[in-house]
$ cat structure32.txt   # compact mmCIF, N, CA and C atoms
# COMPACT_ATOMS: atom_id res chain seq x y z
N MET C 1 12.75 -2.19 -7.04
CA MET C 1 12.66 -2.86 -5.76
C MET C 1 11.40 -2.42 -5.01
N THR C 2 11.10 -1.13 -5.03
CA THR C 2 9.91 -0.64 -4.34
C THR C 2 8.64 -1.26 -4.91
N THR C 3 8.57 -1.39 -6.22
CA THR C 3 7.40 -1.99 -6.85
C THR C 3 7.24 -3.43 -6.41
N PHE C 4 8.34 -4.18 -6.37
CA PHE C 4 8.29 -5.56 -5.91
C PHE C 4 7.79 -5.63 -4.46
N GLN C 5 8.37 -4.81 -3.59
CA GLN C 5 7.97 -4.81 -2.18
C GLN C 5 6.49 -4.48 -2.03
N ARG C 6 6.05 -3.43 -2.70
CA ARG C 6 4.68 -2.96 -2.55
C ARG C 6 3.65 -3.98 -3.07
N ASN C 7 3.95 -4.60 -4.20
CA ASN C 7 2.96 -5.44 -4.87
C ASN C 7 3.07 -6.94 -4.59
N ILE C 8 4.26 -7.40 -4.19
CA ILE C 8 4.44 -8.83 -3.98
C ILE C 8 4.92 -9.14 -2.56
N GLY C 9 6.08 -8.61 -2.19
CA GLY C 9 6.69 -8.95 -0.90
C GLY C 9 5.87 -8.57 0.30
N ASN C 10 5.46 -7.31 0.39
CA ASN C 10 4.72 -6.85 1.57
C ASN C 10 3.38 -7.55 1.76
N PRO C 11 2.57 -7.75 0.70
CA PRO C 11 1.31 -8.47 0.91
C PRO C 11 1.51 -9.89 1.46
N ILE C 12 2.55 -10.56 1.02
CA ILE C 12 2.83 -11.90 1.55
C ILE C 12 3.29 -11.82 2.99
N LEU C 13 4.23 -10.93 3.29
CA LEU C 13 4.77 -10.82 4.65
C LEU C 13 3.72 -10.39 5.67
N ARG C 14 2.77 -9.54 5.26
CA ARG C 14 1.72 -9.08 6.19
C ARG C 14 0.88 -10.25 6.69
N ARG C 15 0.80 -11.32 5.92
CA ARG C 15 -0.03 -12.47 6.30
C ARG C 15 0.68 -13.43 7.25
N LEU C 16 1.99 -13.30 7.40
CA LEU C 16 2.75 -14.20 8.27
C LEU C 16 2.61 -13.75 9.72
N GLY C 17 2.15 -14.64 10.57
CA GLY C 17 1.91 -14.30 11.98
C GLY C 17 3.14 -13.86 12.73
N ALA C 18 4.31 -14.36 12.35
CA ALA C 18 5.53 -14.03 13.07
C ALA C 18 6.17 -12.73 12.59
N GLN C 19 5.71 -12.19 11.47
CA GLN C 19 6.31 -10.98 10.90
C GLN C 19 5.98 -9.76 11.76
N THR C 20 6.98 -8.94 12.03
CA THR C 20 6.76 -7.68 12.73
C THR C 20 6.13 -6.70 11.75
N LEU C 21 5.06 -6.04 12.18
CA LEU C 21 4.35 -5.09 11.33
C LEU C 21 4.31 -3.72 11.98
N LEU C 22 4.46 -2.69 11.18
CA LEU C 22 4.33 -1.30 11.61
C LEU C 22 3.06 -0.74 11.00
N GLU C 23 2.19 -0.20 11.85
CA GLU C 23 0.98 0.45 11.35
C GLU C 23 1.09 1.95 11.60
N THR C 24 1.06 2.71 10.51
CA THR C 24 1.05 4.17 10.58
C THR C 24 -0.31 4.65 10.08
N THR C 25 -0.55 5.94 10.24
CA THR C 25 -1.77 6.55 9.70
C THR C 25 -1.38 7.30 8.43
N GLY C 26 -2.05 6.99 7.33
CA GLY C 26 -1.76 7.66 6.06
C GLY C 26 -1.90 9.16 6.18
N ARG C 27 -0.89 9.87 5.77
CA ARG C 27 -0.87 11.33 5.95
C ARG C 27 -1.89 12.03 5.06
N VAL C 28 -2.29 11.43 3.96
CA VAL C 28 -3.30 12.01 3.07
C VAL C 28 -4.66 11.37 3.33
N SER C 29 -4.70 10.05 3.36
CA SER C 29 -5.97 9.33 3.46
C SER C 29 -6.51 9.25 4.89
N GLY C 30 -5.61 9.27 5.88
CA GLY C 30 -6.04 9.07 7.26
C GLY C 30 -6.33 7.61 7.58
N GLU C 31 -6.10 6.73 6.60
CA GLU C 31 -6.35 5.29 6.76
C GLU C 31 -5.12 4.60 7.35
N PRO C 32 -5.32 3.47 8.05
CA PRO C 32 -4.17 2.70 8.56
C PRO C 32 -3.36 2.13 7.41
N ARG C 33 -2.04 2.21 7.53
CA ARG C 33 -1.11 1.67 6.54
C ARG C 33 -0.19 0.70 7.27
N VAL C 34 -0.14 -0.55 6.80
CA VAL C 34 0.63 -1.59 7.48
C VAL C 34 1.81 -2.00 6.61
N THR C 35 3.00 -2.00 7.23
CA THR C 35 4.23 -2.31 6.53
C THR C 35 5.03 -3.35 7.31
N PRO C 36 5.48 -4.42 6.67
CA PRO C 36 6.37 -5.37 7.34
C PRO C 36 7.74 -4.71 7.56
N ILE C 37 8.29 -4.89 8.75
CA ILE C 37 9.61 -4.36 9.05
C ILE C 37 10.40 -5.41 9.83
N GLY C 38 11.66 -5.16 9.97
CA GLY C 38 12.52 -6.01 10.80
C GLY C 38 13.29 -5.12 11.75
N GLY C 39 13.48 -5.57 12.95
CA GLY C 39 14.20 -4.78 13.93
C GLY C 39 14.29 -5.56 15.23
N ARG C 40 14.52 -4.85 16.32
CA ARG C 40 14.68 -5.52 17.61
C ARG C 40 14.16 -4.63 18.74
N ARG C 41 13.48 -5.28 19.68
CA ARG C 41 13.04 -4.59 20.89
C ARG C 41 14.20 -4.56 21.87
N VAL C 42 14.42 -3.36 22.43
CA VAL C 42 15.43 -3.17 23.47
C VAL C 42 14.72 -2.42 24.59
N GLY C 43 14.41 -3.14 25.68
CA GLY C 43 13.65 -2.53 26.76
C GLY C 43 12.27 -2.13 26.27
N ASN C 44 11.90 -0.87 26.45
CA ASN C 44 10.59 -0.38 26.01
C ASN C 44 10.66 0.35 24.67
N SER C 45 11.70 0.08 23.91
CA SER C 45 11.84 0.68 22.58
C SER C 45 12.04 -0.41 21.55
N PHE C 46 11.61 -0.12 20.33
CA PHE C 46 11.84 -1.00 19.19
C PHE C 46 12.64 -0.20 18.17
N TRP C 47 13.75 -0.77 17.71
CA TRP C 47 14.64 -0.09 16.77
C TRP C 47 14.62 -0.79 15.42
N PHE C 48 14.59 -0.01 14.34
CA PHE C 48 14.72 -0.57 13.00
C PHE C 48 15.33 0.48 12.08
N VAL C 49 15.71 0.04 10.89
CA VAL C 49 16.33 0.94 9.92
C VAL C 49 15.48 0.93 8.65
N SER C 50 15.10 2.12 8.22
CA SER C 50 14.36 2.30 6.97
C SER C 50 15.37 2.31 5.83
N GLU C 51 15.14 1.47 4.82
CA GLU C 51 16.10 1.38 3.73
C GLU C 51 16.06 2.57 2.78
N PHE C 52 14.93 3.28 2.72
CA PHE C 52 14.82 4.43 1.83
C PHE C 52 14.65 5.74 2.58
N GLY C 53 14.90 5.72 3.88
CA GLY C 53 14.93 6.93 4.69
C GLY C 53 13.70 7.80 4.55
N GLU C 54 13.92 9.08 4.36
CA GLU C 54 12.84 10.06 4.30
C GLU C 54 11.92 9.84 3.11
N ARG C 55 12.34 9.06 2.12
CA ARG C 55 11.49 8.77 0.96
C ARG C 55 10.50 7.63 1.24
N SER C 56 10.71 6.88 2.33
CA SER C 56 9.78 5.80 2.67
C SER C 56 8.42 6.39 3.02
N GLN C 57 7.38 5.78 2.49
CA GLN C 57 6.03 6.29 2.77
C GLN C 57 5.74 6.24 4.26
N TYR C 58 6.17 5.17 4.95
CA TYR C 58 5.88 5.10 6.39
C TYR C 58 6.66 6.14 7.17
N VAL C 59 7.84 6.53 6.71
CA VAL C 59 8.57 7.62 7.40
C VAL C 59 7.83 8.94 7.17
N ARG C 60 7.33 9.16 5.98
CA ARG C 60 6.54 10.37 5.71
C ARG C 60 5.28 10.39 6.59
N ASN C 61 4.65 9.21 6.74
CA ASN C 61 3.48 9.13 7.62
C ASN C 61 3.85 9.41 9.07
N ILE C 62 5.00 8.89 9.52
CA ILE C 62 5.46 9.14 10.90
C ILE C 62 5.72 10.63 11.10
N ARG C 63 6.29 11.29 10.11
CA ARG C 63 6.55 12.74 10.23
C ARG C 63 5.24 13.51 10.41
N ALA C 64 4.17 13.03 9.78
CA ALA C 64 2.86 13.71 9.89
C ALA C 64 2.14 13.35 11.18
N ASP C 65 2.30 12.10 11.66
CA ASP C 65 1.63 11.63 12.88
C ASP C 65 2.47 10.48 13.42
N ASN C 66 3.20 10.75 14.51
CA ASN C 66 4.14 9.74 14.99
C ASN C 66 3.54 8.70 15.93
N ARG C 67 2.23 8.73 16.14
CA ARG C 67 1.58 7.66 16.91
C ARG C 67 1.43 6.45 15.99
N VAL C 68 1.95 5.30 16.42
CA VAL C 68 1.95 4.10 15.59
C VAL C 68 1.51 2.90 16.42
N ARG C 69 1.28 1.80 15.69
CA ARG C 69 1.09 0.50 16.33
C ARG C 69 2.14 -0.44 15.76
N LEU C 70 2.58 -1.38 16.58
CA LEU C 70 3.60 -2.34 16.19
C LEU C 70 3.13 -3.73 16.57
N ARG C 71 3.08 -4.63 15.59
CA ARG C 71 2.77 -6.03 15.91
C ARG C 71 4.09 -6.75 16.08
N LEU C 72 4.30 -7.21 17.29
CA LEU C 72 5.55 -7.86 17.67
C LEU C 72 5.22 -9.20 18.30
N HIS C 73 5.72 -10.28 17.73
CA HIS C 73 5.44 -11.64 18.22
C HIS C 73 3.94 -11.89 18.32
N GLY C 74 3.19 -11.38 17.34
CA GLY C 74 1.76 -11.64 17.27
C GLY C 74 0.89 -10.75 18.14
N HIS C 75 1.48 -9.81 18.88
CA HIS C 75 0.72 -8.92 19.76
C HIS C 75 0.92 -7.47 19.33
N TRP C 76 -0.17 -6.71 19.33
CA TRP C 76 -0.12 -5.31 18.94
C TRP C 76 0.23 -4.43 20.14
N HIS C 77 1.10 -3.46 19.91
CA HIS C 77 1.53 -2.48 20.92
C HIS C 77 1.36 -1.09 20.31
N THR C 78 1.03 -0.12 21.13
CA THR C 78 1.01 1.27 20.66
C THR C 78 2.32 1.93 21.05
N GLY C 79 2.65 2.98 20.33
CA GLY C 79 3.89 3.67 20.64
C GLY C 79 4.02 4.96 19.86
N THR C 80 5.15 5.61 20.07
CA THR C 80 5.48 6.86 19.41
C THR C 80 6.78 6.66 18.65
N ALA C 81 6.75 6.89 17.34
CA ALA C 81 7.92 6.67 16.48
C ALA C 81 8.73 7.95 16.33
N HIS C 82 10.04 7.77 16.31
CA HIS C 82 10.96 8.90 16.18
C HIS C 82 12.05 8.55 15.17
N PRO C 83 12.10 9.21 14.02
CA PRO C 83 13.28 9.06 13.17
C PRO C 83 14.50 9.59 13.93
N VAL C 84 15.64 8.89 13.79
CA VAL C 84 16.85 9.27 14.52
C VAL C 84 17.97 9.47 13.49
N PRO C 85 17.96 10.64 12.81
CA PRO C 85 18.93 10.85 11.72
C PRO C 85 20.39 10.89 12.18
N ASP C 86 20.63 11.21 13.45
CA ASP C 86 22.01 11.29 13.94
C ASP C 86 22.59 9.92 14.29
N ASP C 87 21.75 8.88 14.31
CA ASP C 87 22.22 7.54 14.61
C ASP C 87 22.95 6.97 13.39
N ASP C 88 24.00 6.19 13.63
CA ASP C 88 24.73 5.52 12.56
C ASP C 88 23.93 4.30 12.13
N ALA C 89 23.18 4.41 11.04
CA ALA C 89 22.26 3.35 10.61
C ALA C 89 23.01 2.06 10.25
N ARG C 90 24.19 2.16 9.66
CA ARG C 90 24.95 0.95 9.33
C ARG C 90 25.40 0.24 10.59
N ALA C 91 25.84 0.99 11.59
CA ALA C 91 26.22 0.37 12.87
C ALA C 91 24.98 -0.23 13.54
N ARG C 92 23.86 0.44 13.45
CA ARG C 92 22.61 -0.07 14.03
C ARG C 92 22.22 -1.39 13.38
N LEU C 93 22.38 -1.51 12.06
CA LEU C 93 22.05 -2.76 11.37
C LEU C 93 22.84 -3.94 11.92
N ARG C 94 24.07 -3.69 12.38
CA ARG C 94 24.89 -4.77 12.94
C ARG C 94 24.33 -5.28 14.27
N GLU C 95 23.46 -4.48 14.92
CA GLU C 95 22.86 -4.87 16.19
C GLU C 95 21.48 -5.51 16.02
N LEU C 96 20.96 -5.49 14.80
CA LEU C 96 19.60 -5.97 14.53
C LEU C 96 19.67 -7.35 13.87
N PRO C 97 18.53 -8.05 13.75
CA PRO C 97 18.54 -9.38 13.15
C PRO C 97 19.24 -9.41 11.79
N ARG C 98 20.10 -10.42 11.64
CA ARG C 98 21.00 -10.49 10.49
C ARG C 98 20.33 -10.54 9.13
N ALA C 99 19.33 -11.40 8.97
CA ALA C 99 18.72 -11.58 7.65
C ALA C 99 18.12 -10.28 7.12
N ASN C 100 17.29 -9.64 7.95
CA ASN C 100 16.68 -8.37 7.53
C ASN C 100 17.75 -7.30 7.31
N SER C 101 18.73 -7.25 8.19
CA SER C 101 19.78 -6.23 8.07
C SER C 101 20.58 -6.40 6.78
N ALA C 102 20.80 -7.65 6.37
CA ALA C 102 21.54 -7.89 5.13
C ALA C 102 20.77 -7.33 3.94
N VAL C 103 19.46 -7.54 3.90
CA VAL C 103 18.64 -7.04 2.80
C VAL C 103 18.60 -5.52 2.82
N VAL C 104 18.31 -4.95 3.99
CA VAL C 104 18.23 -3.49 4.11
C VAL C 104 19.56 -2.85 3.73
N GLY C 105 20.65 -3.41 4.22
CA GLY C 105 21.97 -2.85 3.91
C GLY C 105 22.34 -2.97 2.44
N THR C 106 21.85 -4.01 1.78
CA THR C 106 22.18 -4.22 0.37
C THR C 106 21.35 -3.35 -0.56
N VAL C 107 20.04 -3.30 -0.34
CA VAL C 107 19.17 -2.56 -1.27
C VAL C 107 18.91 -1.12 -0.82
N GLY C 108 19.22 -0.82 0.43
CA GLY C 108 18.95 0.52 0.95
C GLY C 108 19.77 1.58 0.26
N THR C 109 19.13 2.69 -0.03
CA THR C 109 19.81 3.79 -0.70
C THR C 109 19.96 5.02 0.19
N ASP C 110 19.20 5.07 1.28
CA ASP C 110 19.21 6.25 2.15
C ASP C 110 18.79 5.79 3.54
N LEU C 111 19.68 5.09 4.23
CA LEU C 111 19.34 4.46 5.51
C LEU C 111 19.01 5.50 6.58
N LEU C 112 17.99 5.18 7.36
CA LEU C 112 17.55 6.04 8.45
C LEU C 112 17.08 5.17 9.61
N THR C 113 17.65 5.40 10.78
CA THR C 113 17.24 4.68 11.97
C THR C 113 15.94 5.27 12.49
N VAL C 114 15.04 4.38 12.96
CA VAL C 114 13.78 4.79 13.56
C VAL C 114 13.64 4.06 14.90
N ARG C 115 13.25 4.79 15.93
CA ARG C 115 13.01 4.23 17.26
C ARG C 115 11.53 4.39 17.58
N ILE C 116 10.91 3.33 18.07
CA ILE C 116 9.53 3.41 18.54
C ILE C 116 9.54 3.23 20.04
N ASP C 117 9.09 4.24 20.76
CA ASP C 117 8.94 4.15 22.21
C ASP C 117 7.58 3.54 22.48
N LEU C 118 7.56 2.34 23.07
CA LEU C 118 6.32 1.63 23.31
C LEU C 118 5.66 2.13 24.58
N ASP C 119 4.31 2.19 24.55
CA ASP C 119 3.55 2.66 25.72
C ASP C 119 3.55 1.59 26.80

$ encode --input "structure32.txt" --output "structure tokens"
Amino acid sequence: MTTFQRNIGNPILRRLGAQTLLETTGRVSGEPRVTPIGGRRVGNSFWFVSEFGERSQYVRNIRADNRVRLRLHGHWHTGTAHPVPDDDARARLRELPRANSAVVGTVGTDLLTVRIDLD
């Protein structure tokens, strides 16, 4: 699944204007890394669930540098990302957009909630 996402799914989704994108800084390269995600803005925070938790490259990047950018509805926002391991990720998925949550819940092996506090 990771190979499919990295080589086929993500490159296609990054080109869609309506797709929400997370930009982290590569912990080794220092280069921007852009990943399509699904979630929901609640006030000044954006919530989403990582399907592979601490093994996700973007979660590893967030652990190294939690300053991120988020493209939401075609506009870029800066923010600070926080993994929230104590949050019930399955319950959180029920509050987020259904289509993405169904995929994450089905293929996810180590769910982890992430909150981005927008500037």

$ residues_around --input "structure32.txt" --residues "C:Gly38" --least-positions-apart "6" --cutoff "6.5 Å" --atoms "only N, CA and C atoms" --output "PyMOL selection string"
chain C and resi 20+47-49+97+100

$ select_by_dssp --input "structure32.txt" --residues "stretch 1-115 of chain C" --states "alpha helix (DSSP H)" --output "VMD selection string"
chain C and resid 2 to 4 10 to 14 57 to 64 89 to 95 98 to 107

$ residues_around --input "structure32.txt" --residues "stretch 64-66 of chain C" --least-positions-apart "6" --cutoff "7 Å" --atoms "only N, CA and C atoms" --output "PDB file with N, CA and C atoms, in the coordinates of the input"
ATOM      1  N   THR C  25      -0.550   5.940  10.240  1.00  0.00           N
ATOM      2  CA  THR C  25      -1.770   6.550   9.700  1.00  0.00           C
ATOM      3  C   THR C  25      -1.380   7.300   8.430  1.00  0.00           C
ATOM      4  N   ARG C  27      -0.890   9.870   5.770  1.00  0.00           N
ATOM      5  CA  ARG C  27      -0.870  11.330   5.950  1.00  0.00           C
ATOM      6  C   ARG C  27      -1.890  12.030   5.060  1.00  0.00           C
ATOM      7  N   GLY C  79       2.650   2.980  20.330  1.00  0.00           N
ATOM      8  CA  GLY C  79       3.890   3.670  20.640  1.00  0.00           C
ATOM      9  C   GLY C  79       4.020   4.960  19.860  1.00  0.00           C
ATOM     10  N   THR C  80       5.150   5.610  20.070  1.00  0.00           N
ATOM     11  CA  THR C  80       5.480   6.860  19.410  1.00  0.00           C
ATOM     12  C   THR C  80       6.780   6.660  18.650  1.00  0.00           C
ATOM     13  N   ALA C  81       6.750   6.890  17.340  1.00  0.00           N
ATOM     14  CA  ALA C  81       7.920   6.670  16.480  1.00  0.00           C
ATOM     15  C   ALA C  81       8.730   7.950  16.330  1.00  0.00           C
ATOM     16  N   HIS C  82      10.040   7.770  16.310  1.00  0.00           N
ATOM     17  CA  HIS C  82      10.960   8.900  16.180  1.00  0.00           C
ATOM     18  C   HIS C  82      12.050   8.550  15.170  1.00  0.00           C
TER      19      HIS C  82
END

$ atom_distance --input "structure32.txt" --atom1 "atom C of C:Gln19" --atom2 "atom N of C:Ile116"
15.3 Å

$ atom_distance --input "structure32.txt" --atom1 "atom CA of C:Glu54" --atom2 "atom CA of C:Asp87"
14.2 Å

$ closest_residue --input "structure32.txt" --among "C:Pro36, C:Gly105, C:Gly74, C:Gly53" --to "C:Ala91" --atoms "only C-alpha atoms"
C:Gly105

$ select_by_dssp --input "structure32.txt" --residues "chain C" --states "strand (DSSP E)" --output "MDAnalysis selection string"
chainID C and resid 20:25 32:37 39:42 45:50 67:72 75:84 112:118

$ residues_near_point --input "structure32.txt" --point "(13.0, -6.6, 5.5)" --cutoff "8 Å" --atoms "all atoms listed in the file" --output "PyMOL selection string"
chain C and resi 36-39+99-104

$ atom_distance --input "structure32.txt" --atom1 "atom CA of C:Val68" --atom2 "atom CA of C:Leu93"
21.7 Å

$ decode --input "structure32.txt" --residues "stretch 14-40 of chain C" --atoms "N, CA, C and O atoms" --output "mmCIF file, in the first residue's frame"
data_model
loop_
_atom_site.group_PDB
_atom_site.id
_atom_site.type_symbol
_atom_site.label_atom_id
_atom_site.label_comp_id
_atom_site.auth_asym_id
_atom_site.auth_seq_id
_atom_site.Cartn_x
_atom_site.Cartn_y
_atom_site.Cartn_z
ATOM 1 N N ARG C 14 -1.598 15.246 -5.366
ATOM 2 C CA ARG C 14 -0.921 16.540 -5.169
ATOM 3 C C ARG C 14 -1.295 17.538 -6.260
ATOM 4 O O ARG C 14 -1.247 18.746 -6.034
ATOM 5 N N ARG C 15 -1.676 17.053 -7.427
ATOM 6 C CA ARG C 15 -2.008 17.941 -8.543
ATOM 7 C C ARG C 15 -3.449 18.452 -8.492
ATOM 8 O O ARG C 15 -3.796 19.366 -9.226
ATOM 9 N N LEU C 16 -4.286 17.859 -7.665
ATOM 10 C CA LEU C 16 -5.686 18.272 -7.579
ATOM 11 C C LEU C 16 -5.804 19.514 -6.695
ATOM 12 O O LEU C 16 -5.379 19.505 -5.545
ATOM 13 N N GLY C 17 -6.380 20.568 -7.237
ATOM 14 C CA GLY C 17 -6.481 21.835 -6.505
ATOM 15 C C GLY C 17 -7.280 21.758 -5.221
ATOM 16 O O GLY C 17 -7.027 22.494 -4.285
ATOM 17 N N ALA C 18 -8.257 20.861 -5.170
ATOM 18 C CA ALA C 18 -9.111 20.766 -3.986
ATOM 19 C C ALA C 18 -8.513 19.882 -2.890
ATOM 20 O O ALA C 18 -9.006 19.883 -1.761
ATOM 21 N N GLN C 19 -7.467 19.141 -3.202
ATOM 22 C CA GLN C 19 -6.873 18.214 -2.231
ATOM 23 C C GLN C 19 -6.147 18.978 -1.127
ATOM 24 O O GLN C 19 -5.391 19.900 -1.398
ATOM 25 N N THR C 20 -6.373 18.585 0.110
ATOM 26 C CA THR C 20 -5.637 19.147 1.239
ATOM 27 C C THR C 20 -4.233 18.562 1.229
ATOM 28 O O THR C 20 -4.054 17.351 1.103
ATOM 29 N N LEU C 21 -3.231 19.432 1.362
ATOM 30 C CA LEU C 21 -1.837 18.999 1.344
ATOM 31 C C LEU C 21 -1.137 19.423 2.625
ATOM 32 O O LEU C 21 -1.351 20.526 3.127
ATOM 33 N N LEU C 22 -0.286 18.557 3.126
ATOM 34 C CA LEU C 22 0.564 18.841 4.279
ATOM 35 C C LEU C 22 1.994 18.956 3.788
ATOM 36 O O LEU C 22 2.498 18.050 3.126
ATOM 37 N N GLU C 23 2.637 20.071 4.109
ATOM 38 C CA GLU C 23 4.050 20.236 3.761
ATOM 39 C C GLU C 23 4.871 20.228 5.046
ATOM 40 O O GLU C 23 4.669 21.053 5.927
ATOM 41 N N THR C 24 5.775 19.256 5.130
ATOM 42 C CA THR C 24 6.711 19.166 6.247
ATOM 43 C C THR C 24 8.109 19.427 5.698
ATOM 44 O O THR C 24 8.321 19.489 4.496
ATOM 45 N N THR C 25 9.067 19.553 6.601
ATOM 46 C CA THR C 25 10.469 19.688 6.207
ATOM 47 C C THR C 25 11.138 18.340 6.423
ATOM 48 O O THR C 25 11.059 17.775 7.524
ATOM 49 N N GLY C 26 11.773 17.814 5.378
ATOM 50 C CA GLY C 26 12.452 16.524 5.485
ATOM 51 C C GLY C 26 13.488 16.543 6.587
ATOM 52 O O GLY C 26 14.335 17.433 6.632
ATOM 53 N N ARG C 27 13.428 15.583 7.464
ATOM 54 C CA ARG C 27 14.307 15.560 8.635
ATOM 55 C C ARG C 27 15.760 15.295 8.261
ATOM 56 O O ARG C 27 16.665 15.665 8.995
ATOM 57 N N VAL C 28 16.017 14.657 7.132
ATOM 58 C CA VAL C 28 17.376 14.392 6.675
ATOM 59 C C VAL C 28 17.786 15.407 5.613
ATOM 60 O O VAL C 28 18.846 16.024 5.702
ATOM 61 N N SER C 29 16.928 15.594 4.617
ATOM 62 C CA SER C 29 17.269 16.443 3.470
ATOM 63 C C SER C 29 17.086 17.932 3.741
ATOM 64 O O SER C 29 17.740 18.758 3.111
ATOM 65 N N GLY C 30 16.158 18.275 4.639
ATOM 66 C CA GLY C 30 15.831 19.685 4.860
ATOM 67 C C GLY C 30 14.953 20.257 3.756
ATOM 68 O O GLY C 30 14.620 21.436 3.773
ATOM 69 N N GLU C 31 14.555 19.411 2.801
ATOM 70 C CA GLU C 31 13.721 19.836 1.667
ATOM 71 C C GLU C 31 12.242 19.739 2.034
ATOM 72 O O GLU C 31 11.846 18.907 2.848
ATOM 73 N N PRO C 32 11.391 20.553 1.389
ATOM 74 C CA PRO C 32 9.942 20.443 1.621
ATOM 75 C C PRO C 32 9.423 19.101 1.118
ATOM 76 O O PRO C 32 9.834 18.634 0.052
ATOM 77 N N ARG C 33 8.555 18.488 1.900
ATOM 78 C CA ARG C 33 7.918 17.215 1.550
ATOM 79 C C ARG C 33 6.412 17.432 1.609
ATOM 80 O O ARG C 33 5.885 17.860 2.633
ATOM 81 N N VAL C 34 5.725 17.149 0.508
ATOM 82 C CA VAL C 34 4.286 17.413 0.414
ATOM 83 C C VAL C 34 3.527 16.098 0.337
ATOM 84 O O VAL C 34 3.840 15.235 -0.481
ATOM 85 N N THR C 35 2.524 15.969 1.215
ATOM 86 C CA THR C 35 1.733 14.753 1.312
ATOM 87 C C THR C 35 0.250 15.092 1.282
ATOM 88 O O THR C 35 -0.196 15.952 2.048
ATOM 89 N N PRO C 36 -0.537 14.420 0.442
ATOM 90 C CA PRO C 36 -1.990 14.601 0.476
ATOM 91 C C PRO C 36 -2.549 13.984 1.760
ATOM 92 O O PRO C 36 -2.147 12.882 2.149
ATOM 93 N N ILE C 37 -3.448 14.701 2.409
ATOM 94 C CA ILE C 37 -4.087 14.185 3.618
ATOM 95 C C ILE C 37 -5.575 14.521 3.567
ATOM 96 O O ILE C 37 -6.021 15.310 2.739
ATOM 97 N N GLY C 38 -6.309 13.937 4.454
ATOM 98 C CA GLY C 38 -7.728 14.255 4.617
ATOM 99 C C GLY C 38 -7.988 14.541 6.075
ATOM 100 O O GLY C 38 -7.406 13.910 6.956
ATOM 101 N N GLY C 39 -8.825 15.492 6.349
ATOM 102 C CA GLY C 39 -9.135 15.838 7.725
ATOM 103 C C GLY C 39 -10.155 16.954 7.744
ATOM 104 O O GLY C 39 -10.859 17.197 6.765
ATOM 105 N N ARG C 40 -10.220 17.674 8.847
ATOM 106 C CA ARG C 40 -11.215 18.739 8.982
ATOM 107 C C ARG C 40 -10.670 19.861 9.858
ATOM 108 O O ARG C 40 -10.032 19.615 10.882
#
